[in-house]
Amino acid sequence: MNIALLIISGFLVLSIWLGIRSTKGKDMNLEQWTVGGRGFGAIFVFLLMAGEIYTTFSFLGGSGWAYGKGAPALYVLIYITLSYVVSYWLLPEIWAYAKKNSLMSQSDFFVSKYKSPMLGVLAALVGVVSMIPVIVVQLKGLGIIVSEASYGAISISTAVWMGAISLTIYVMLSGIHGSAWIAVIKDILMIVIIGFLGVYLPIHYYGGLQPMFEAIHAAKPGFLKLPEQGLSVSWFISTVILLVSGFYMWPQVFSAVYSARSGKVFRKNAIISPLYTLMLLFVFFVGFTAILKVPGLEGADADLSLLRLSIETFDPWFIGIIGGAGLLTALVPGSMLLMSVATLLSKNVYKEFIPTVSDQNVVRIAKSLVPVIALIAVYFTLNGGETLSALILMGYSLITQLFPSLLFSLTKNNVINKYGAIAGIICGLAIVAYITLSHATIGTLFPSLPQAAKDLNVGIIALSVNFLVMITVSLMVRKFSVR
Amino acid sequence: MKIIYVLSLVPFIGILGFLPIVNRIEPYVLGMPFYMFWMAMWVVLTSVILGIMYKLDPRNREGESE
C-alpha cells in the first residue's frame with residue numbers, strides 16, 4: 001500500500017468514526033434517522049444541501065467536461081446558480097406545508113396534496129429509478145479515485161466494490177447525522193483543494209489563466225465558446241431550464257429541506273449559495289489545464305483528467321489528500337442517496353401496501369435494503385460505459401417528471417387532479433425511456449426542424465408532453481365528473 | 001412585493017437571454033474568455049440580487065417563528 005492509499009483509508013476511517021459518534025446517545029426513530037428531527041439551523045441545512053451539489057460529479061465530472069467538451073461545461077455552474085433563485089420561493093413553501101402536515105418524505109407530499117396514495121407510490125418509484133444513476137456516479141467516482149491513487153495497483157472494479165461496502169457500512173450506522181458532520185469537513189477540504197488546484201495548475205503550466213486559454217484557443221479554435229451545432233446556445237438554455245426544474249425534485253433534497261428549523265433558513269441560504277457555486281470555476285480551470293498537458297483521454301476517460309494531471313504534478317502524499325477529499329464528496333451524497341432510496345422503498349412503497357407495519361419495522365426494512373441497493377448500483381457501475389455527466393443528465397430527465405404536478409400543487413386553486421398528475425408522469429417517463437434506449441435526439445426525431453430546435457435537450461420533449469397530458473386529463477376528468 | 005418578483009427574473013435574463021450575444025472569446029477579462037467571464041460575473045450578481053430580495057422581503061423581518 002502506497003502513501004496515497006494510506007491517507008485515503010485514513011479519511012475513510014475518520015468519517016465512519018464521526019458517523020458513529022454523532023448518533024451516540026440519540027434515540028434513532030424514523031424521523032431521527034431520515035430528517036434529523038427537523039431541528040437543523042441555517043448552517044447545517046446549507047451544508048447538507050451543498051453536500052448534495054458538490055458531489056464527485058462536480059469534482060471529476062466538471063473537470064471532465066471542461067477537458068472533453070470545453071465551454072459547454074459551464075452549464076453546471078449556471079443551472080445550480082439559477083436553481084438558488086428558484087429555491088428562494090419554492091423551498092419555504094414546501095417546508096411550511098411539510099411541517100404543518102408532519103411529512104417525512106417527498107411521496108408524503110404528493111399523497112397529501114393530491115389525496116392519492118397511488119401517486120405517492122409512483123413518486124417514490126420515480127425517485128428510486130432516478131437516484132440509481134446518481135448513486136452509480138458516486139461509486140464510479142470512488143472507483144476512479146481509489147484506482148488512480150493506487151497508481152494502478154487496485155483495479156477500478158475492486159475499488160468500486162470497496163467503495164460500495166464502505167458506503168453501506170457508513171449509512172447503516174449513522175443516518176443523516178453522520179452526513180451533516182462529514183459534510184462540514186468535506187466542504188472545507190473541497191474549497192481549499194479545488195481553490196489551490198485551480199489557481200496553481202494554470203500558473204504552474206502556463207504562467208496564468210489568460211496564457212492558458214490563449215494556448216487552448218490556438219490549439220483548438222472554437223473550444224472556448226458554445227459551438228454552432230450540437231452543444232449550442234439553444235442546447236445550453238434548454239438544458240439549464242430542464243435541470244433547474246429538476247433541481248429540487250430529488251427525494252433526498254426534500255429530506256434535507258424538511259430537516260430545517262424554519263422557512264427563513266432557505267431564503268437566507270439562497271444569498272450565499274451562488275458564491276459557493278463559484279468554486280466550480282476552479283474545477284473547470286483544472287480541466288482546461290489538463291487539455292494540453294495530459295491529452296488523449298477519450299470518452300468516459302475524460303473524467304480521469306483531474307487526477308491524471310495531479311499525478312503528473314504532485315507527490316503521492318498530496319494525491320492522498322486530493323483522493324481523500326474526493327472520497328468524501330462521494331460518501332456524503334452517496335450515503336444520503338442510499339438512505340433516501342431505502343426509506344422510499346420501505347416507507348412509501350412497502351408500508352403503503354402493508355399498512356400494519358410498525359415504525360420500528362419500517363426502519364429495520366429500510367436498513368436491510370441498503371446493501372441490496374448498493375449491490376444493484378455496483379452492477380450498473382461495472383456494466384456501463386457512460387461519462388459521469390451523461391448519467392447525471394439521465395437521472396435529471398427522469399426526476400424532472402415530478403416537477404409539473406408539484407408546481408401546480410403549490411397554487412391556490414389547483415386545477416390538476418390525481419388522474420392528470422399520474423397520467424402526465426407516466427407519459428413523461430415513457431418518453432424518457434424511449435429516448436434513452438433509442439439514443440434519439442430532436443434532430444433524429446424531427447429532421448426538418450431548424451438547427452436551433454434540433455439542438456434542444458430531448459428531456460424538454462418529455463417534460464412538455466407531461467405538462468400537456470396532465471392538463472388535458474385533469475380537465476377531461478373534471479368535465480365527466482361534473483356531468 | 002412586486003419588485004421582488006421582477007428581481008428574481010433578472011438573473012435568468014442576464015444569463016440565458018444574453019447568451020447568443022456573449023458567446024465569444026474576445027475580449028479576455030480577468031484572464032477568462034468573455035463568455036466565461038460573463039457567466040462568472042452573473043453568478044456573483046445573482047448573489048447580490050438575492051441579497052437585495054432578502055432585504056426587501058417583509059417576510060424576513062419576522063422572527064424565526066414563521
# chains A, B, ... in the order shown; residues from 1 in each chain; ligands from 1
call {"tool": "select_by_dssp", "arguments": {"residues": "stretch 340-442 of chain A", "states": "helix (DSSP H, G or I)", "output": "mmCIF file with N, CA and C atoms, in the first residue's frame"}}
result
data_model
loop_
_atom_site.group_PDB
_atom_site.id
_atom_site.type_symbol
_atom_site.label_atom_id
_atom_site.label_comp_id
_atom_site.auth_asym_id
_atom_site.auth_seq_id
_atom_site.Cartn_x
_atom_site.Cartn_y
_atom_site.Cartn_z
ATOM 1 N N SER A 340 -32.052 7.566 1.212
ATOM 2 C CA SER A 340 -33.302 8.018 0.624
ATOM 3 C C SER A 340 -34.009 6.899 -0.141
ATOM 4 N N VAL A 341 -33.252 6.195 -0.968
ATOM 5 C CA VAL A 341 -33.848 5.113 -1.752
ATOM 6 C C VAL A 341 -34.418 4.057 -0.814
ATOM 7 N N ALA A 342 -33.640 3.703 0.218
ATOM 8 C CA ALA A 342 -34.084 2.670 1.153
ATOM 9 C C ALA A 342 -35.359 3.097 1.879
ATOM 10 N N THR A 343 -35.393 4.359 2.336
ATOM 11 C CA THR A 343 -36.572 4.839 3.055
ATOM 12 C C THR A 343 -37.787 4.891 2.139
ATOM 13 N N LEU A 344 -37.569 5.358 0.901
ATOM 14 C CA LEU A 344 -38.677 5.417 -0.050
ATOM 15 C C LEU A 344 -39.296 4.043 -0.242
ATOM 16 N N LEU A 345 -38.424 3.048 -0.468
ATOM 17 C CA LEU A 345 -38.945 1.709 -0.744
ATOM 18 C C LEU A 345 -39.673 1.132 0.455
ATOM 19 N N SER A 346 -39.112 1.329 1.658
ATOM 20 C CA SER A 346 -39.744 0.697 2.818
ATOM 21 C C SER A 346 -40.971 1.481 3.273
ATOM 22 N N LYS A 347 -40.840 2.818 3.357
ATOM 23 C CA LYS A 347 -41.949 3.585 3.913
ATOM 24 C C LYS A 347 -43.023 3.909 2.882
ATOM 25 N N ASN A 348 -42.597 4.318 1.698
ATOM 26 C CA ASN A 348 -43.573 4.821 0.744
ATOM 27 C C ASN A 348 -44.055 3.794 -0.268
ATOM 28 N N VAL A 349 -43.374 2.664 -0.341
ATOM 29 C CA VAL A 349 -43.894 1.619 -1.217
ATOM 30 C C VAL A 349 -44.397 0.440 -0.374
ATOM 31 N N TYR A 350 -43.506 -0.146 0.433
ATOM 32 C CA TYR A 350 -43.867 -1.341 1.199
ATOM 33 C C TYR A 350 -45.000 -1.050 2.186
ATOM 34 N N LYS A 351 -44.808 0.004 2.981
ATOM 35 C CA LYS A 351 -45.806 0.306 4.014
ATOM 36 C C LYS A 351 -47.161 0.687 3.408
ATOM 37 N N GLU A 352 -47.132 1.233 2.213
ATOM 38 C CA GLU A 352 -48.358 1.620 1.535
ATOM 39 C C GLU A 352 -49.221 0.391 1.249
ATOM 40 N N PHE A 353 -48.543 -0.723 0.947
ATOM 41 C CA PHE A 353 -49.291 -1.948 0.634
ATOM 42 C C PHE A 353 -49.605 -2.763 1.891
ATOM 43 N N ASP A 359 -43.435 1.399 12.900
ATOM 44 C CA ASP A 359 -42.343 2.285 12.506
ATOM 45 C C ASP A 359 -40.968 1.647 12.685
ATOM 46 N N GLN A 360 -40.813 0.890 13.800
ATOM 47 C CA GLN A 360 -39.517 0.219 14.003
ATOM 48 C C GLN A 360 -39.210 -0.727 12.851
ATOM 49 N N ASN A 361 -40.267 -1.427 12.412
ATOM 50 C CA ASN A 361 -40.047 -2.367 11.322
ATOM 51 C C ASN A 361 -39.727 -1.662 10.010
ATOM 52 N N VAL A 362 -40.327 -0.491 9.808
ATOM 53 C CA VAL A 362 -40.011 0.265 8.595
ATOM 54 C C VAL A 362 -38.526 0.630 8.586
ATOM 55 N N VAL A 363 -38.019 1.083 9.738
ATOM 56 C CA VAL A 363 -36.589 1.405 9.829
ATOM 57 C C VAL A 363 -35.755 0.159 9.562
ATOM 58 N N ARG A 364 -36.174 -0.959 10.178
ATOM 59 C CA ARG A 364 -35.415 -2.195 10.003
ATOM 60 C C ARG A 364 -35.368 -2.596 8.525
ATOM 61 N N ILE A 365 -36.517 -2.522 7.875
ATOM 62 C CA ILE A 365 -36.560 -2.889 6.459
ATOM 63 C C ILE A 365 -35.697 -1.937 5.637
ATOM 64 N N ALA A 366 -35.813 -0.634 5.937
ATOM 65 C CA ALA A 366 -35.002 0.350 5.216
ATOM 66 C C ALA A 366 -33.526 0.013 5.352
ATOM 67 N N LYS A 367 -33.091 -0.284 6.580
ATOM 68 C CA LYS A 367 -31.670 -0.573 6.792
ATOM 69 C C LYS A 367 -31.235 -1.829 6.048
ATOM 70 N N SER A 368 -32.132 -2.835 6.033
ATOM 71 C CA SER A 368 -31.706 -4.063 5.356
ATOM 72 C C SER A 368 -31.741 -3.910 3.840
ATOM 73 N N LEU A 369 -32.451 -2.895 3.352
ATOM 74 C CA LEU A 369 -32.461 -2.658 1.909
ATOM 75 C C LEU A 369 -31.177 -1.984 1.415
ATOM 76 N N VAL A 370 -30.499 -1.278 2.338
ATOM 77 C CA VAL A 370 -29.306 -0.527 1.936
ATOM 78 C C VAL A 370 -28.290 -1.384 1.168
ATOM 79 N N PRO A 371 -27.888 -2.556 1.704
ATOM 80 C CA PRO A 371 -26.927 -3.352 0.938
ATOM 81 C C PRO A 371 -27.467 -3.834 -0.411
ATOM 82 N N VAL A 372 -28.763 -4.111 -0.457
ATOM 83 C CA VAL A 372 -29.346 -4.582 -1.716
ATOM 84 C C VAL A 372 -29.232 -3.496 -2.795
ATOM 85 N N ILE A 373 -29.577 -2.265 -2.409
ATOM 86 C CA ILE A 373 -29.498 -1.156 -3.365
ATOM 87 C C ILE A 373 -28.053 -0.924 -3.786
ATOM 88 N N ALA A 374 -27.146 -1.021 -2.787
ATOM 89 C CA ALA A 374 -25.737 -0.839 -3.108
ATOM 90 C C ALA A 374 -25.294 -1.867 -4.146
ATOM 91 N N LEU A 375 -25.752 -3.112 -3.997
ATOM 92 C CA LEU A 375 -25.396 -4.163 -4.957
ATOM 93 C C LEU A 375 -25.905 -3.836 -6.359
ATOM 94 N N ILE A 376 -27.154 -3.382 -6.433
ATOM 95 C CA ILE A 376 -27.715 -3.031 -7.738
ATOM 96 C C ILE A 376 -26.886 -1.933 -8.387
ATOM 97 N N ALA A 377 -26.516 -0.927 -7.576
ATOM 98 C CA ALA A 377 -25.711 0.174 -8.105
ATOM 99 C C ALA A 377 -24.353 -0.330 -8.581
ATOM 100 N N VAL A 378 -23.753 -1.266 -7.829
ATOM 101 C CA VAL A 378 -22.463 -1.820 -8.248
ATOM 102 C C VAL A 378 -22.613 -2.499 -9.610
ATOM 103 N N TYR A 379 -23.714 -3.223 -9.775
ATOM 104 C CA TYR A 379 -23.942 -3.917 -11.048
ATOM 105 C C TYR A 379 -23.924 -2.920 -12.207
ATOM 106 N N PHE A 380 -24.695 -1.812 -12.063
ATOM 107 C CA PHE A 380 -24.760 -0.832 -13.151
ATOM 108 C C PHE A 380 -23.431 -0.103 -13.326
ATOM 109 N N THR A 381 -22.702 0.089 -12.218
ATOM 110 C CA THR A 381 -21.422 0.787 -12.321
ATOM 111 C C THR A 381 -20.435 -0.027 -13.144
ATOM 112 N N LEU A 382 -20.426 -1.335 -12.917
ATOM 113 C CA LEU A 382 -19.433 -2.174 -13.594
ATOM 114 C C LEU A 382 -19.852 -2.520 -15.019
ATOM 115 N N ASN A 383 -21.140 -2.295 -15.348
ATOM 116 C CA ASN A 383 -21.599 -2.695 -16.671
ATOM 117 C C ASN A 383 -21.982 -1.539 -17.590
ATOM 118 N N LEU A 388 -19.733 10.484 -16.361
ATOM 119 C CA LEU A 388 -20.478 10.910 -15.179
ATOM 120 C C LEU A 388 -21.576 11.897 -15.574
ATOM 121 N N SER A 389 -21.218 12.785 -16.515
ATOM 122 C CA SER A 389 -22.166 13.811 -16.922
ATOM 123 C C SER A 389 -23.396 13.219 -17.605
ATOM 124 N N ALA A 390 -23.203 12.233 -18.456
ATOM 125 C CA ALA A 390 -24.330 11.614 -19.159
ATOM 126 C C ALA A 390 -25.267 10.943 -18.161
ATOM 127 N N LEU A 391 -24.692 10.298 -17.141
ATOM 128 C CA LEU A 391 -25.506 9.643 -16.117
ATOM 129 C C LEU A 391 -26.345 10.650 -15.348
ATOM 130 N N ILE A 392 -25.713 11.765 -14.970
ATOM 131 C CA ILE A 392 -26.430 12.790 -14.216
ATOM 132 C C ILE A 392 -27.583 13.341 -15.045
ATOM 133 N N LEU A 393 -27.321 13.592 -16.330
ATOM 134 C CA LEU A 393 -28.377 14.138 -17.183
ATOM 135 C C LEU A 393 -29.527 13.149 -17.307
ATOM 136 N N MET A 394 -29.223 11.843 -17.316
ATOM 137 C CA MET A 394 -30.275 10.833 -17.401
ATOM 138 C C MET A 394 -31.137 10.864 -16.133
ATOM 139 N N GLY A 395 -30.481 10.877 -14.973
ATOM 140 C CA GLY A 395 -31.228 10.953 -13.715
ATOM 141 C C GLY A 395 -32.133 12.174 -13.689
ATOM 142 N N TYR A 396 -31.605 13.294 -14.190
ATOM 143 C CA TYR A 396 -32.381 14.520 -14.196
ATOM 144 C C TYR A 396 -33.594 14.429 -15.114
ATOM 145 N N SER A 397 -33.441 13.818 -16.310
ATOM 146 C CA SER A 397 -34.620 13.757 -17.187
ATOM 147 C C SER A 397 -35.713 12.940 -16.540
ATOM 148 N N LEU A 398 -35.348 11.937 -15.730
ATOM 149 C CA LEU A 398 -36.363 11.140 -15.043
ATOM 150 C C LEU A 398 -37.028 11.928 -13.919
ATOM 151 N N ILE A 399 -36.225 12.505 -13.040
ATOM 152 C CA ILE A 399 -36.783 13.126 -11.839
ATOM 153 C C ILE A 399 -37.580 14.384 -12.185
ATOM 154 N N THR A 400 -37.217 15.062 -13.274
ATOM 155 C CA THR A 400 -37.936 16.282 -13.669
ATOM 156 C C THR A 400 -39.411 16.019 -13.912
ATOM 157 N N GLN A 401 -39.762 14.764 -14.185
ATOM 158 C CA GLN A 401 -41.167 14.443 -14.465
ATOM 159 C C GLN A 401 -42.075 14.728 -13.266
ATOM 160 N N LEU A 402 -41.487 14.874 -12.069
ATOM 161 C CA LEU A 402 -42.310 15.208 -10.908
ATOM 162 C C LEU A 402 -42.609 16.704 -10.836
ATOM 163 N N PHE A 403 -41.867 17.480 -11.609
ATOM 164 C CA PHE A 403 -41.957 18.936 -11.489
ATOM 165 C C PHE A 403 -43.339 19.500 -11.834
ATOM 166 N N PRO A 404 -43.966 19.111 -12.988
ATOM 167 C CA PRO A 404 -45.246 19.739 -13.331
ATOM 168 C C PRO A 404 -46.302 19.584 -12.239
ATOM 169 N N SER A 405 -46.503 18.372 -11.715
ATOM 170 C CA SER A 405 -47.573 18.210 -10.731
ATOM 171 C C SER A 405 -47.208 18.868 -9.399
ATOM 172 N N LEU A 406 -45.910 18.889 -9.075
ATOM 173 C CA LEU A 406 -45.518 19.555 -7.835
ATOM 174 C C LEU A 406 -45.770 21.063 -7.927
ATOM 175 N N LEU A 407 -45.402 21.633 -9.065
ATOM 176 C CA LEU A 407 -45.572 23.067 -9.272
ATOM 177 C C LEU A 407 -47.044 23.454 -9.122
ATOM 178 N N PHE A 408 -47.920 22.695 -9.798
ATOM 179 C CA PHE A 408 -49.344 23.014 -9.732
ATOM 180 C C PHE A 408 -49.911 22.813 -8.323
ATOM 181 N N SER A 409 -49.353 21.855 -7.583
ATOM 182 C CA SER A 409 -49.881 21.578 -6.249
ATOM 183 C C SER A 409 -49.663 22.749 -5.304
ATOM 184 N N LYS A 418 -55.502 14.096 -9.323
ATOM 185 C CA LYS A 418 -54.544 12.980 -9.258
ATOM 186 C C LYS A 418 -54.473 12.196 -10.572
ATOM 187 N N TYR A 419 -55.600 12.121 -11.292
ATOM 188 C CA TYR A 419 -55.564 11.368 -12.561
ATOM 189 C C TYR A 419 -54.616 12.036 -13.550
ATOM 190 N N GLY A 420 -54.762 13.365 -13.644
ATOM 191 C CA GLY A 420 -53.894 14.115 -14.554
ATOM 192 C C GLY A 420 -52.432 13.972 -14.158
ATOM 193 N N ALA A 421 -52.152 14.112 -12.845
ATOM 194 C CA ALA A 421 -50.766 14.030 -12.372
ATOM 195 C C ALA A 421 -50.156 12.675 -12.710
ATOM 196 N N ILE A 422 -50.912 11.605 -12.427
ATOM 197 C CA ILE A 422 -50.384 10.258 -12.674
ATOM 198 C C ILE A 422 -50.172 10.042 -14.176
ATOM 199 N N ALA A 423 -51.157 10.412 -14.997
ATOM 200 C CA ALA A 423 -51.034 10.216 -16.447
ATOM 201 C C ALA A 423 -49.838 10.996 -16.993
ATOM 202 N N GLY A 424 -49.679 12.241 -16.541
ATOM 203 C CA GLY A 424 -48.573 13.063 -17.016
ATOM 204 C C GLY A 424 -47.228 12.444 -16.692
ATOM 205 N N ILE A 425 -47.062 12.007 -15.434
ATOM 206 C CA ILE A 425 -45.779 11.434 -15.014
ATOM 207 C C ILE A 425 -45.478 10.176 -15.818
ATOM 208 N N ILE A 426 -46.486 9.320 -16.000
ATOM 209 C CA ILE A 426 -46.241 8.060 -16.715
ATOM 210 C C ILE A 426 -45.860 8.326 -18.173
ATOM 211 N N CYS A 427 -46.573 9.243 -18.834
ATOM 212 C CA CYS A 427 -46.226 9.560 -20.222
ATOM 213 C C CYS A 427 -44.811 10.135 -20.314
ATOM 214 N N GLY A 428 -44.479 11.048 -19.391
ATOM 215 C CA GLY A 428 -43.140 11.631 -19.388
ATOM 216 C C GLY A 428 -42.066 10.566 -19.242
ATOM 217 N N LEU A 429 -42.274 9.632 -18.297
ATOM 218 C CA LEU A 429 -41.293 8.563 -18.067
ATOM 219 C C LEU A 429 -41.149 7.690 -19.304
ATOM 220 N N ALA A 430 -42.294 7.372 -19.951
ATOM 221 C CA ALA A 430 -42.249 6.508 -21.129
ATOM 222 C C ALA A 430 -41.387 7.152 -22.205
ATOM 223 N N ILE A 431 -41.538 8.464 -22.376
ATOM 224 C CA ILE A 431 -40.757 9.145 -23.414
ATOM 225 C C ILE A 431 -39.275 9.161 -23.057
ATOM 226 N N VAL A 432 -38.962 9.426 -21.772
ATOM 227 C CA VAL A 432 -37.552 9.396 -21.363
ATOM 228 C C VAL A 432 -36.961 8.014 -21.635
ATOM 229 N N ALA A 433 -37.717 6.969 -21.301
ATOM 230 C CA ALA A 433 -37.224 5.603 -21.516
ATOM 231 C C ALA A 433 -36.969 5.356 -23.004
ATOM 232 N N TYR A 434 -37.919 5.779 -23.838
ATOM 233 C CA TYR A 434 -37.750 5.573 -25.276
ATOM 234 C C TYR A 434 -36.519 6.311 -25.785
ATOM 235 N N ILE A 435 -36.395 7.583 -25.375
ATOM 236 C CA ILE A 435 -35.271 8.398 -25.836
ATOM 237 C C ILE A 435 -33.938 7.796 -25.391
ATOM 238 N N THR A 436 -33.888 7.335 -24.124
ATOM 239 C CA THR A 436 -32.637 6.800 -23.595
ATOM 240 C C THR A 436 -32.246 5.516 -24.323
ATOM 241 N N LEU A 437 -33.225 4.640 -24.547
ATOM 242 C CA LEU A 437 -32.906 3.347 -25.165
ATOM 243 C C LEU A 437 -32.590 3.495 -26.648
ATOM 244 N N SER A 438 -33.273 4.439 -27.326
ATOM 245 C CA SER A 438 -33.056 4.559 -28.772
ATOM 246 C C SER A 438 -31.983 5.596 -29.115
ATOM 247 N N ILE A 442 -33.653 15.373 -30.785
ATOM 248 C CA ILE A 442 -34.734 16.045 -31.507
ATOM 249 C C ILE A 442 -34.407 16.060 -32.996
#
call {"tool": "interface_residues", "arguments": {"of": "chain A", "to": "chain B", "cutoff": "7 Å", "atoms": "only C-alpha atoms", "output": "list in words"}}
result
Thr81, Leu82, Val85, Leu209, Gln210, Leu224, Lys225, Leu226, Val233, Ile237, Ser262, Gly263, Lys264, Arg267, Ala270, Ile271, Ile272, Pro274, Leu275 and Leu278 of chain A
call {"tool": "closest_residue", "arguments": {"among": "A:Thr55, A:Gln252, A:Ser474, A:Ser157", "to": "A:Ser107", "atoms": "only C-alpha atoms"}}
result
A:Gln252
call {"tool": "atom_distance", "arguments": {"atom1": "atom CA of A:Ile182", "atom2": "atom CA of A:Leu18"}}
result
7.2 Å
